[in-house]
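Student: So I've got this file, start29.cif, and it contains mmCIF, C-alpha atoms:
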data_model
loop_
_atom_site.label_atom_id
_atom_site.label_comp_id
_atom_site.auth_asym_id
_atom_site.auth_seq_id
_atom_site.Cartn_x
_atom_site.Cartn_y
_atom_site.Cartn_z
CA MET V 8 -34.30 -31.42 36.93
CA GLU V 9 -36.44 -28.75 35.30
CA ASP V 10 -39.39 -31.14 35.19
CA LEU V 11 -38.95 -31.88 38.89
CA LYS V 12 -38.91 -28.17 39.70
CA ILE V 13 -42.11 -27.61 37.71
CA GLU V 14 -43.78 -30.56 39.43
CA ARG V 15 -42.70 -29.32 42.85
CA TYR V 16 -44.06 -25.86 42.09
CA SER V 17 -47.39 -27.35 41.06
CA GLN V 18 -47.55 -29.37 44.28
CA GLN V 19 -46.83 -26.28 46.36
CA ARG V 20 -49.70 -24.39 44.75
CA ALA V 21 -52.08 -27.32 45.02
CA ALA V 22 -51.27 -27.66 48.75
CA PHE V 23 -51.73 -23.91 49.33
CA GLU V 24 -48.19 -23.69 50.73
CA ASP V 25 -47.35 -20.36 52.33
CA ARG V 26 -45.94 -18.19 49.53
CA ALA V 27 -44.10 -15.98 52.01
CA ILE V 28 -41.62 -18.82 52.61
CA SER V 29 -38.22 -17.87 51.18
CA GLY V 30 -39.74 -14.60 49.98
CA LEU V 31 -38.89 -10.98 50.68
CA GLN V 32 -40.58 -11.07 54.10
CA ASP V 33 -38.62 -14.16 55.21
CA GLY V 34 -35.97 -12.52 57.39
CA TYR V 35 -35.50 -10.40 60.49
CA THR V 36 -35.30 -6.63 60.82
CA LEU V 37 -32.66 -4.73 62.82
CA GLU V 38 -35.27 -4.16 65.52
CA GLN V 39 -35.96 -7.90 65.74
CA LEU V 40 -32.22 -8.60 65.88
CA GLN V 41 -31.81 -6.32 68.89
CA LYS V 42 -34.77 -7.97 70.62
CA MET V 43 -33.16 -11.38 70.10
CA LEU V 44 -29.83 -10.17 71.48
CA ASP V 45 -31.56 -8.63 74.47
CA ALA V 46 -33.48 -11.86 75.10
CA GLN V 47 -30.24 -13.86 75.06
CA LEU V 48 -28.80 -11.77 77.89
CA ARG V 49 -31.94 -12.48 79.92
CA TRP V 50 -31.87 -16.24 79.36
CA PRO V 51 -29.90 -17.28 82.45
CA LYS V 52 -32.34 -15.48 84.80
CA GLU V 53 -35.62 -16.09 83.03
CA LYS V 54 -35.15 -19.55 81.54
CA SER V 55 -32.60 -21.09 83.91
CA TRP V 56 -30.37 -21.81 80.92
CA GLU V 57 -26.62 -21.84 81.20
CA GLU V 58 -24.98 -18.45 80.86
CA ALA V 59 -22.31 -20.00 78.66
CA LYS V 60 -24.91 -21.09 76.08
CA ALA V 61 -26.44 -17.60 76.00
CA LEU V 62 -23.14 -15.78 75.51
CA ARG V 63 -21.89 -18.35 72.99
CA THR V 64 -25.04 -18.16 70.88
CA ARG V 65 -25.08 -14.37 71.06
CA LEU V 66 -21.54 -14.21 69.66
CA ASP V 67 -22.33 -16.87 67.04
CA LEU V 68 -25.37 -14.96 65.79
CA LEU V 69 -23.50 -11.63 65.66
CA LEU V 70 -20.54 -13.16 63.81
CA MET V 71 -22.85 -14.59 61.15
CA HIS V 72 -24.77 -11.31 60.96
CA SER V 73 -21.89 -8.81 60.94
CA MET V 74 -19.74 -10.75 58.46
CA MET V 75 -22.49 -12.59 56.57
CA LEU V 76 -20.84 -15.92 57.34
CA ARG V 77 -22.04 -19.45 56.84
CA SER V 78 -22.54 -21.34 60.07
CA GLU V 79 -19.78 -23.81 59.28
CA THR V 80 -17.30 -20.92 59.28
CA THR V 81 -18.13 -19.83 62.82
CA ARG V 82 -18.08 -23.42 64.06
CA SER V 83 -14.65 -24.15 62.60
CA ALA V 84 -13.05 -20.77 63.44
CA GLU V 85 -10.15 -21.00 65.88
CA LEU V 86 -8.59 -18.39 68.16
CA PRO V 87 -5.53 -17.77 65.92
CA ASP V 88 -7.87 -17.02 63.00
CA PHE V 89 -8.80 -13.74 64.73
CA SER V 90 -6.62 -10.65 64.82
CA SER V 91 -6.98 -6.87 65.13
CA LEU V 92 -6.21 -4.24 62.51
CA ASP V 93 -5.69 -0.55 63.27
CA LEU V 94 -7.68 1.85 61.07
CA PRO V 95 -5.71 5.13 61.10
CA ASN V 96 -8.15 7.49 59.35
CA GLU V 97 -11.25 7.15 61.53
CA GLY V 98 -10.81 10.33 63.60
CA GLU V 99 -10.09 8.44 66.81
CA PRO V 100 -8.27 5.22 67.70
CA THR V 101 -10.23 2.49 65.94
CA PHE V 102 -9.53 -1.13 65.22
CA ALA V 103 -11.28 -3.84 63.25
CA VAL V 104 -11.48 -7.48 64.22
CA ILE V 105 -10.37 -9.67 61.32
CA LEU V 106 -11.29 -13.30 60.74
CA THR V 107 -8.97 -15.08 58.35
CA GLN V 108 -10.74 -17.86 56.46
CA ASN V 109 -8.97 -20.41 54.29
CA LYS V 110 -11.50 -23.21 54.32
CA GLY V 111 -15.21 -23.34 53.73
CA LYS V 112 -17.99 -24.37 51.40
CA THR V 113 -16.84 -22.13 48.54
CA ILE V 114 -13.08 -22.68 48.98
CA ASP V 115 -11.47 -25.62 47.21
CA GLN V 116 -10.04 -27.81 49.98
CA ALA V 117 -7.28 -28.96 47.65
CA GLU V 118 -5.98 -25.40 47.74
CA SER V 119 -6.76 -24.73 51.42
CA GLY V 120 -4.21 -22.42 52.99
CA ASN V 121 -3.06 -21.04 49.66
CA SER V 122 -2.87 -17.23 49.81
CA SER V 123 -5.00 -17.01 46.67
CA THR V 124 -7.91 -18.69 48.47
CA THR V 125 -7.63 -16.88 51.82
CA ARG V 126 -10.57 -14.61 52.61
CA TYR V 127 -10.63 -11.80 55.13
CA ASN V 128 -13.84 -10.98 56.97
CA GLY V 129 -14.01 -8.06 59.37
CA PHE V 130 -16.24 -6.18 61.76
CA LEU V 131 -16.13 -2.99 63.81
CA ARG V 132 -17.79 -2.03 67.05
CA ALA V 133 -21.43 -0.95 66.70
CA LYS V 134 -23.10 2.21 67.96
CA THR V 135 -25.43 0.14 70.09
CA ALA V 136 -23.62 -1.90 72.74
CA LEU V 137 -26.33 -4.54 72.65
CA ALA V 138 -25.64 -5.32 68.98
CA CYS V 139 -21.85 -4.92 69.07
CA PRO V 140 -19.93 -7.99 67.86
CA VAL V 141 -16.70 -6.66 69.42
CA GLY V 142 -18.40 -6.46 72.80
CA ALA V 143 -19.94 -9.92 72.38
CA LEU V 144 -16.52 -11.37 71.60
CA ALA V 145 -14.99 -9.66 74.64
CA GLN V 146 -17.77 -10.89 76.93
CA TRP V 147 -17.37 -14.45 75.68
CA LEU V 148 -13.60 -14.54 76.17
CA VAL V 149 -13.86 -13.01 79.66
CA TYR V 150 -16.47 -15.60 80.58
CA ARG V 151 -14.34 -18.44 79.25
CA TRP V 152 -11.10 -17.50 80.97
CA ASP V 153 -12.18 -15.52 84.05
CA VAL V 154 -15.56 -17.02 85.01
CA SER V 155 -15.70 -20.62 83.82
CA ASP V 156 -13.29 -23.43 84.65
CA GLU V 157 -11.60 -23.33 81.24
CA GLU V 158 -7.85 -23.10 81.49
CA PRO V 159 -6.61 -19.84 79.91
CA PRO V 160 -4.27 -20.41 76.95
CA ASN V 161 -0.54 -19.94 77.28
CA PHE V 162 0.16 -17.55 74.42
CA ALA V 163 3.87 -18.31 74.67
CA ASP V 164 3.07 -21.84 73.48
CA ARG V 165 1.11 -22.01 70.22
CA SER V 166 0.15 -25.61 70.78
CA SER V 167 -1.91 -24.55 73.81
CA TRP V 168 -4.30 -22.33 71.86
CA TYR V 169 -3.91 -22.81 68.10
CA THR V 170 -6.57 -25.54 68.03
CA ALA V 171 -9.04 -23.85 70.41
CA LYS V 172 -12.39 -23.08 68.74
CA ILE V 173 -13.89 -19.64 69.16
CA ILE V 174 -17.29 -21.22 69.91
CA PRO V 175 -16.67 -24.83 70.99
CA GLY V 176 -19.48 -27.19 71.82
CA ASP V 177 -18.17 -27.62 75.37
CA LEU V 178 -15.69 -25.45 77.27
CA LYS V 179 -14.22 -28.61 78.80
CA THR V 180 -13.02 -29.58 75.31
CA PRO V 181 -12.27 -26.24 73.58
CA GLY V 182 -10.56 -27.97 70.67
CA GLU V 183 -13.68 -29.83 69.57
CA GLU V 184 -16.03 -28.25 67.04
CA MET V 185 -19.66 -27.71 67.93
CA SER V 186 -22.11 -29.78 65.90
CA SER V 187 -24.45 -28.10 63.42
CA GLN V 188 -27.40 -29.65 65.28
CA THR V 189 -26.37 -28.01 68.56
CA GLU V 190 -25.76 -24.69 66.85
CA ALA V 191 -29.14 -24.81 65.10
CA LYS V 192 -30.92 -25.72 68.35
CA TRP V 193 -29.66 -22.62 70.17
CA VAL V 194 -30.14 -20.24 67.25
CA ASP V 195 -33.69 -21.56 66.82
CA ARG V 196 -34.26 -21.06 70.55
CA THR V 197 -33.16 -17.44 70.04
CA PHE V 198 -35.78 -17.00 67.33
CA ASP V 199 -38.45 -18.56 69.53
CA SER V 200 -37.63 -16.18 72.39
CA ILE V 201 -39.20 -13.28 70.47
CA GLY V 202 -41.66 -15.24 68.36
CA PHE V 203 -39.64 -14.83 65.15
CA VAL V 204 -40.33 -17.43 62.44
CA SER V 205 -38.14 -18.16 59.41
CA SER V 206 -38.01 -20.93 56.84
CA LYS V 207 -34.29 -21.18 57.58
CA VAL V 208 -32.29 -21.35 60.80
CA LEU V 209 -28.54 -21.16 60.30
CA HIS V 210 -28.91 -19.52 56.89
CA THR V 211 -31.27 -16.81 58.14
CA MET V 212 -28.47 -14.36 58.96
CA ARG V 213 -26.98 -14.34 55.45
CA LYS V 214 -30.42 -14.02 53.94
CA SER V 215 -31.57 -11.24 56.27
CA VAL V 216 -28.39 -9.20 55.92
CA SER V 217 -28.49 -9.36 52.11
CA ARG V 218 -32.03 -7.97 52.27
CA LEU V 219 -30.95 -5.24 54.71
CA MET V 220 -28.10 -4.22 52.42
CA ASP V 221 -30.56 -3.86 49.56
CA PHE V 222 -32.93 -1.75 51.69
CA LEU V 223 -30.02 0.48 52.72
CA GLU V 224 -29.17 0.92 49.02
CA LEU V 225 -25.55 -0.17 49.34
CA PRO V 226 -23.83 -0.17 45.92
CA TRP V 227 -24.46 -3.37 44.01
CA ASP V 228 -20.79 -3.75 43.16
CA GLN V 229 -20.18 -4.20 46.91
CA VAL V 230 -23.20 -6.37 47.60
CA LYS V 231 -22.85 -8.82 44.70
CA PRO V 232 -19.38 -10.20 45.61
CA LEU V 233 -20.61 -10.85 49.15
CA LEU V 234 -23.69 -12.71 47.97
CA LEU V 235 -21.76 -14.80 45.48
CA THR V 236 -18.76 -15.19 47.81
CA LEU V 237 -16.39 -14.50 44.95
CA SER V 238 -14.38 -11.60 46.29
CA ASN V 239 -11.19 -11.93 48.33
CA SER V 240 -10.99 -8.21 48.99
CA PRO V 241 -11.14 -7.31 52.69
CA LEU V 242 -12.34 -3.84 51.69
CA VAL V 243 -15.39 -5.24 49.93
CA ARG V 244 -16.18 -7.63 52.74
CA PHE V 245 -16.06 -4.76 55.24
CA CYS V 246 -19.19 -3.10 53.82
CA LEU V 247 -21.39 -4.92 56.36
CA CYS V 248 -19.68 -3.07 59.18
CA TYR V 249 -21.34 0.17 58.17
CA ILE V 250 -24.91 -1.02 58.58
CA PRO V 251 -26.33 1.32 61.26
CA TYR V 252 -27.54 -0.53 64.35
#
Take the structure I supplied and represent it as structure tokens, if you would.
Tutor:
Amino acid sequence: MEDLKIERYSQQRAAFEDRAISGLQDGYTLEQLQKMLDAQLRWPKEKSWEEAKALRTRLDLLLMHSMMLRSETTRSAELPDFSSLDLPNEGEPTFAVILTQNKGKTIDQAESGNSSTTRYNGFLRAKTALACPVGALAQWLVYRWDVSDEEPPNFADRSSWYTAKIIPGDLKTPGEEMSSQTEAKWVDRTFDSIGFVSSKVLHTMRKSVSRLMDFLELPWDQVKPLLLTLSNSPLVRFCLCYIPY
């Protein structure tokens, strides 16, 4: 494997491959993020794209950004995985939105659902409404149940909403998971809308946020568990919420 890596490196240099790929510059800034989010809200008018796709992709991008999630986590997340948590010492009534995760790339499926492997990811509202994941979630749910033809869930019957995906591929089948190809297509279309280029698509959010945390000089003992995905502490995984937008 080491020989293959050395050979690949030699080929990259011989082909004059762009050395900025996967480097420090390969990621978006907060200003670029806000431009992408603004462009998404303009899609239905300017591009004649479905409003549902714009709102769904906007929420997807903000979930991956605010909680540093892998794309498979947002695709598989279901409505009952989300809950609110009151934060009593914030000076005014404040709540966090919590995503409970017990399956994923770094969680042993043989132990899925075990309390020792459950991870808690959370986000708060942002100063800027445009970049607020709480607002994006609210807009998406209002669109689904008040604007589109999707039947609102009956919360008195768990079977009517426990399998509903937070970002399904089609609102006509809310229990079916969106494909990674569809997700990548719309995220890539978001990048194209402002001329942003990255060597990654669905992994760009995790990569960009890790760089932003370093630039903001967040303590390494908070950053490292997030990057390695080793910590189960909801307090540690909340550090992304305090990035100023």
Student: Exactly which residues make up the result of the PyMOL selection byres ((chain V and resi 93) around 6) on this file, given as a list in words?
Tutor: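 With the PyMOL selection byres ((chain V and resi 93) around 6) on this model, the match is Leu92, Leu94 and Phe102 of chain V.
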Student: Write a file of the selected residues as a PDB file, in the coordinates of the input, keeping C-alpha atoms.
Tutor:
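The resulting file, out_10.pdb, is reproduced below:
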ATOM      1  CA  LEU V  92      -6.210  -4.240  62.510  1.00  0.00           C
ATOM      2  CA  LEU V  94      -7.680   1.850  61.070  1.00  0.00           C
ATOM      3  CA  PHE V 102      -9.530  -1.130  65.220  1.00  0.00           C
TER       4      PHE V 102
END
Student: Between V:Met43, V:Leu37, V:Ala59, V:Leu66, which one has atoms that come closest to Asp199 (chain V), using all atoms listed in the file?
Tutor: V:Met43
Student: Fewer than 5 positions away in the same chain doesn't count, so skip those; otherwise give me all residues within 9 Å of Leu178 (chain V), counting only C-alpha atoms, as JSON, numbers by chain.
Tutor: {"V": [59, 151, 155, 156, 157]}
Student: Which residues match the PyMOL selection byres ((chain V and resi 173) around 12) in the file above, as a PDB file with C-alpha atoms, in the frame of the given file?
Tutor:
ATOM      1  CA  LEU V  62     -23.140 -15.780  75.510  1.00  0.00           C
ATOM      2  CA  ARG V  63     -21.890 -18.350  72.990  1.00  0.00           C
ATOM      3  CA  THR V  64     -25.040 -18.160  70.880  1.00  0.00           C
ATOM      4  CA  LEU V  66     -21.540 -14.210  69.660  1.00  0.00           C
ATOM      5  CA  ASP V  67     -22.330 -16.870  67.040  1.00  0.00           C
ATOM      6  CA  LEU V  70     -20.540 -13.160  63.810  1.00  0.00           C
ATOM      7  CA  THR V  80     -17.300 -20.920  59.280  1.00  0.00           C
ATOM      8  CA  THR V  81     -18.130 -19.830  62.820  1.00  0.00           C
ATOM      9  CA  ARG V  82     -18.080 -23.420  64.060  1.00  0.00           C
ATOM     10  CA  SER V  83     -14.650 -24.150  62.600  1.00  0.00           C
ATOM     11  CA  ALA V  84     -13.050 -20.770  63.440  1.00  0.00           C
ATOM     12  CA  GLU V  85     -10.150 -21.000  65.880  1.00  0.00           C
ATOM     13  CA  LEU V  86      -8.590 -18.390  68.160  1.00  0.00           C
ATOM     14  CA  PRO V  87      -5.530 -17.770  65.920  1.00  0.00           C
ATOM     15  CA  ASP V  88      -7.870 -17.020  63.000  1.00  0.00           C
ATOM     16  CA  PHE V  89      -8.800 -13.740  64.730  1.00  0.00           C
ATOM     17  CA  LEU V 106     -11.290 -13.300  60.740  1.00  0.00           C
ATOM     18  CA  ALA V 143     -19.940  -9.920  72.380  1.00  0.00           C
ATOM     19  CA  LEU V 144     -16.520 -11.370  71.600  1.00  0.00           C
ATOM     20  CA  ALA V 145     -14.990  -9.660  74.640  1.00  0.00           C
ATOM     21  CA  TRP V 147     -17.370 -14.450  75.680  1.00  0.00           C
ATOM     22  CA  LEU V 148     -13.600 -14.540  76.170  1.00  0.00           C
ATOM     23  CA  ARG V 151     -14.340 -18.440  79.250  1.00  0.00           C
ATOM     24  CA  TRP V 168      -4.300 -22.330  71.860  1.00  0.00           C
ATOM     25  CA  TYR V 169      -3.910 -22.810  68.100  1.00  0.00           C
ATOM     26  CA  THR V 170      -6.570 -25.540  68.030  1.00  0.00           C
ATOM     27  CA  ALA V 171      -9.040 -23.850  70.410  1.00  0.00           C
ATOM     28  CA  LYS V 172     -12.390 -23.080  68.740  1.00  0.00           C
ATOM     29  CA  ILE V 174     -17.290 -21.220  69.910  1.00  0.00           C
ATOM     30  CA  PRO V 175     -16.670 -24.830  70.990  1.00  0.00           C
ATOM     31  CA  GLY V 176     -19.480 -27.190  71.820  1.00  0.00           C
ATOM     32  CA  ASP V 177     -18.170 -27.620  75.370  1.00  0.00           C
ATOM     33  CA  LEU V 178     -15.690 -25.450  77.270  1.00  0.00           C
ATOM     34  CA  THR V 180     -13.020 -29.580  75.310  1.00  0.00           C
ATOM     35  CA  PRO V 181     -12.270 -26.240  73.580  1.00  0.00           C
ATOM     36  CA  GLY V 182     -10.560 -27.970  70.670  1.00  0.00           C
ATOM     37  CA  GLU V 183     -13.680 -29.830  69.570  1.00  0.00           C
ATOM     38  CA  GLU V 184     -16.030 -28.250  67.040  1.00  0.00           C
ATOM     39  CA  MET V 185     -19.660 -27.710  67.930  1.00  0.00           C
TER      40      MET V 185
END
Student: Between V:Leu69, V:Glu97, V:Asn161, V:Tyr35, which residue has the minimum interatomic distance to Ala133 (chain V), considering only C-alpha atoms?
Tutor: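 For Ala133 (chain V), the nearest of the given residues is V:Leu69.
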Student: Set the distance at 8 Å and use only C-alpha atoms: which residues neighbour Ala61 (chain V) once local chain neighbours fewer than 2 positions away are removed? I'd like the list as a list in words.
Tutor: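 In the requested format, the answer is Gln47, Leu48, Trp50, Pro51, Trp56, Glu57, Glu58, Ala59, Arg63, Thr64 and Arg65 of chain V.
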Student: Closest to Lys42 (chain V) among V:His210, V:Leu225, V:Asp10, V:Leu137, using all atoms listed in the file?
Tutor: V:Leu137
Student: Measuring atom to atom with all atoms listed in the file, identify which of V:Leu131, V:Ala163, V:Val141, V:Leu209 is nearest to Thr197 (chain V).
Tutor: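 Closest to Thr197 (chain V) of all the choices is V:Leu209.
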Student: For CA of Ala136 (chain V) and CA of Gln188 (chain V), determine how far apart the two atoms are, in Å to one decimal place.
Tutor: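 Going from CA of Ala136 (chain V) over to CA of Gln188 (chain V), I get 29.0 Å.
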Student: Output region 137-172 of chain V as a tab-separated table (two decimals), keeping the file's coordinate frame, making sure N, CA and C atoms are there.
Tutor:
chain	number	residue	atom	x	y	z
V	137	LEU	N	-25.60	-3.29	72.68
V	137	LEU	CA	-26.33	-4.54	72.65
V	137	LEU	C	-26.04	-5.35	71.39
V	138	ALA	N	-25.84	-4.65	70.26
V	138	ALA	CA	-25.64	-5.32	68.98
V	138	ALA	C	-24.19	-5.28	68.52
V	139	CYS	N	-23.26	-5.08	69.45
V	139	CYS	CA	-21.85	-4.92	69.07
V	139	CYS	C	-21.14	-6.27	69.05
V	140	PRO	N	-20.63	-6.71	67.91
V	140	PRO	CA	-19.93	-7.99	67.86
V	140	PRO	C	-18.60	-7.95	68.60
V	141	VAL	N	-17.96	-6.77	68.67
V	141	VAL	CA	-16.70	-6.66	69.42
V	141	VAL	C	-16.97	-6.89	70.90
V	142	GLY	N	-18.04	-6.27	71.41
V	142	GLY	CA	-18.40	-6.46	72.80
V	142	GLY	C	-18.80	-7.90	73.11
V	143	ALA	N	-19.53	-8.54	72.18
V	143	ALA	CA	-19.94	-9.92	72.38
V	143	ALA	C	-18.73	-10.85	72.43
V	144	LEU	N	-17.74	-10.58	71.59
V	144	LEU	CA	-16.52	-11.37	71.60
V	144	LEU	C	-15.77	-11.19	72.91
V	145	ALA	N	-15.68	-9.94	73.38
V	145	ALA	CA	-14.99	-9.66	74.64
V	145	ALA	C	-15.69	-10.35	75.82
V	146	GLN	N	-17.02	-10.26	75.86
V	146	GLN	CA	-17.77	-10.89	76.93
V	146	GLN	C	-17.54	-12.40	76.96
V	147	TRP	N	-17.53	-13.00	75.79
V	147	TRP	CA	-17.37	-14.45	75.68
V	147	TRP	C	-15.99	-14.89	76.16
V	148	LEU	N	-14.96	-14.16	75.76
V	148	LEU	CA	-13.60	-14.54	76.17
V	148	LEU	C	-13.40	-14.33	77.66
V	149	VAL	N	-13.96	-13.24	78.21
V	149	VAL	CA	-13.86	-13.01	79.66
V	149	VAL	C	-14.57	-14.13	80.42
V	150	TYR	N	-15.74	-14.51	79.91
V	150	TYR	CA	-16.47	-15.60	80.58
V	150	TYR	C	-15.65	-16.89	80.55
V	151	ARG	N	-15.07	-17.20	79.40
V	151	ARG	CA	-14.34	-18.44	79.25
V	151	ARG	C	-13.14	-18.51	80.19
V	152	TRP	N	-12.37	-17.43	80.27
V	152	TRP	CA	-11.10	-17.50	80.97
V	152	TRP	C	-11.09	-16.89	82.37
V	153	ASP	N	-12.13	-16.12	82.71
V	153	ASP	CA	-12.18	-15.52	84.05
V	153	ASP	C	-13.34	-16.03	84.90
V	154	VAL	N	-14.37	-16.59	84.27
V	154	VAL	CA	-15.56	-17.02	85.01
V	154	VAL	C	-15.68	-18.54	85.04
V	155	SER	N	-15.54	-19.17	83.88
V	155	SER	CA	-15.70	-20.62	83.82
V	155	SER	C	-14.42	-21.32	84.28
V	156	ASP	N	-14.45	-22.64	84.22
V	156	ASP	CA	-13.29	-23.43	84.65
V	156	ASP	C	-12.31	-23.71	83.52
V	157	GLU	N	-12.52	-23.08	82.35
V	157	GLU	CA	-11.60	-23.33	81.24
V	157	GLU	C	-10.22	-22.76	81.55
V	158	GLU	N	-9.22	-23.54	81.27
V	158	GLU	CA	-7.85	-23.10	81.49
V	158	GLU	C	-7.45	-22.06	80.45
V	159	PRO	N	-7.02	-20.86	80.88
V	159	PRO	CA	-6.61	-19.84	79.91
V	159	PRO	C	-5.43	-20.33	79.07
V	160	PRO	N	-5.38	-19.95	77.80
V	160	PRO	CA	-4.27	-20.41	76.95
V	160	PRO	C	-2.95	-19.76	77.33
V	161	ASN	N	-1.89	-20.48	77.08
V	161	ASN	CA	-0.54	-19.94	77.28
V	161	ASN	C	-0.07	-19.43	75.93
V	162	PHE	N	-0.14	-18.11	75.74
V	162	PHE	CA	0.16	-17.55	74.42
V	162	PHE	C	1.64	-17.65	74.05
V	163	ALA	N	2.46	-18.08	74.99
V	163	ALA	CA	3.87	-18.31	74.67
V	163	ALA	C	4.06	-19.67	74.01
V	164	ASP	N	3.02	-20.50	74.07
V	164	ASP	CA	3.07	-21.84	73.48
V	164	ASP	C	1.91	-22.00	72.50
V	165	ARG	N	2.18	-21.95	71.22
V	165	ARG	CA	1.11	-22.01	70.22
V	165	ARG	C	0.28	-23.27	70.31
V	166	SER	N	0.89	-24.36	70.71
V	166	SER	CA	0.15	-25.61	70.78
V	166	SER	C	-0.96	-25.58	71.83
V	167	SER	N	-0.91	-24.62	72.75
V	167	SER	CA	-1.91	-24.55	73.81
V	167	SER	C	-3.16	-23.79	73.39
V	168	TRP	N	-3.10	-23.10	72.25
V	168	TRP	CA	-4.30	-22.33	71.86
V	168	TRP	C	-4.59	-22.32	70.37
V	169	TYR	N	-3.71	-22.86	69.55
V	169	TYR	CA	-3.91	-22.81	68.10
V	169	TYR	C	-5.05	-23.71	67.63
V	170	THR	N	-5.46	-24.66	68.44
V	170	THR	CA	-6.57	-25.54	68.03
V	170	THR	C	-7.86	-25.21	68.78
V	171	ALA	N	-7.85	-24.20	69.63
V	171	ALA	CA	-9.04	-23.85	70.41
V	171	ALA	C	-10.07	-23.16	69.52
V	172	LYS	N	-11.30	-23.67	69.53
V	172	LYS	CA	-12.39	-23.08	68.74
V	172	LYS	C	-12.89	-21.81	69.42
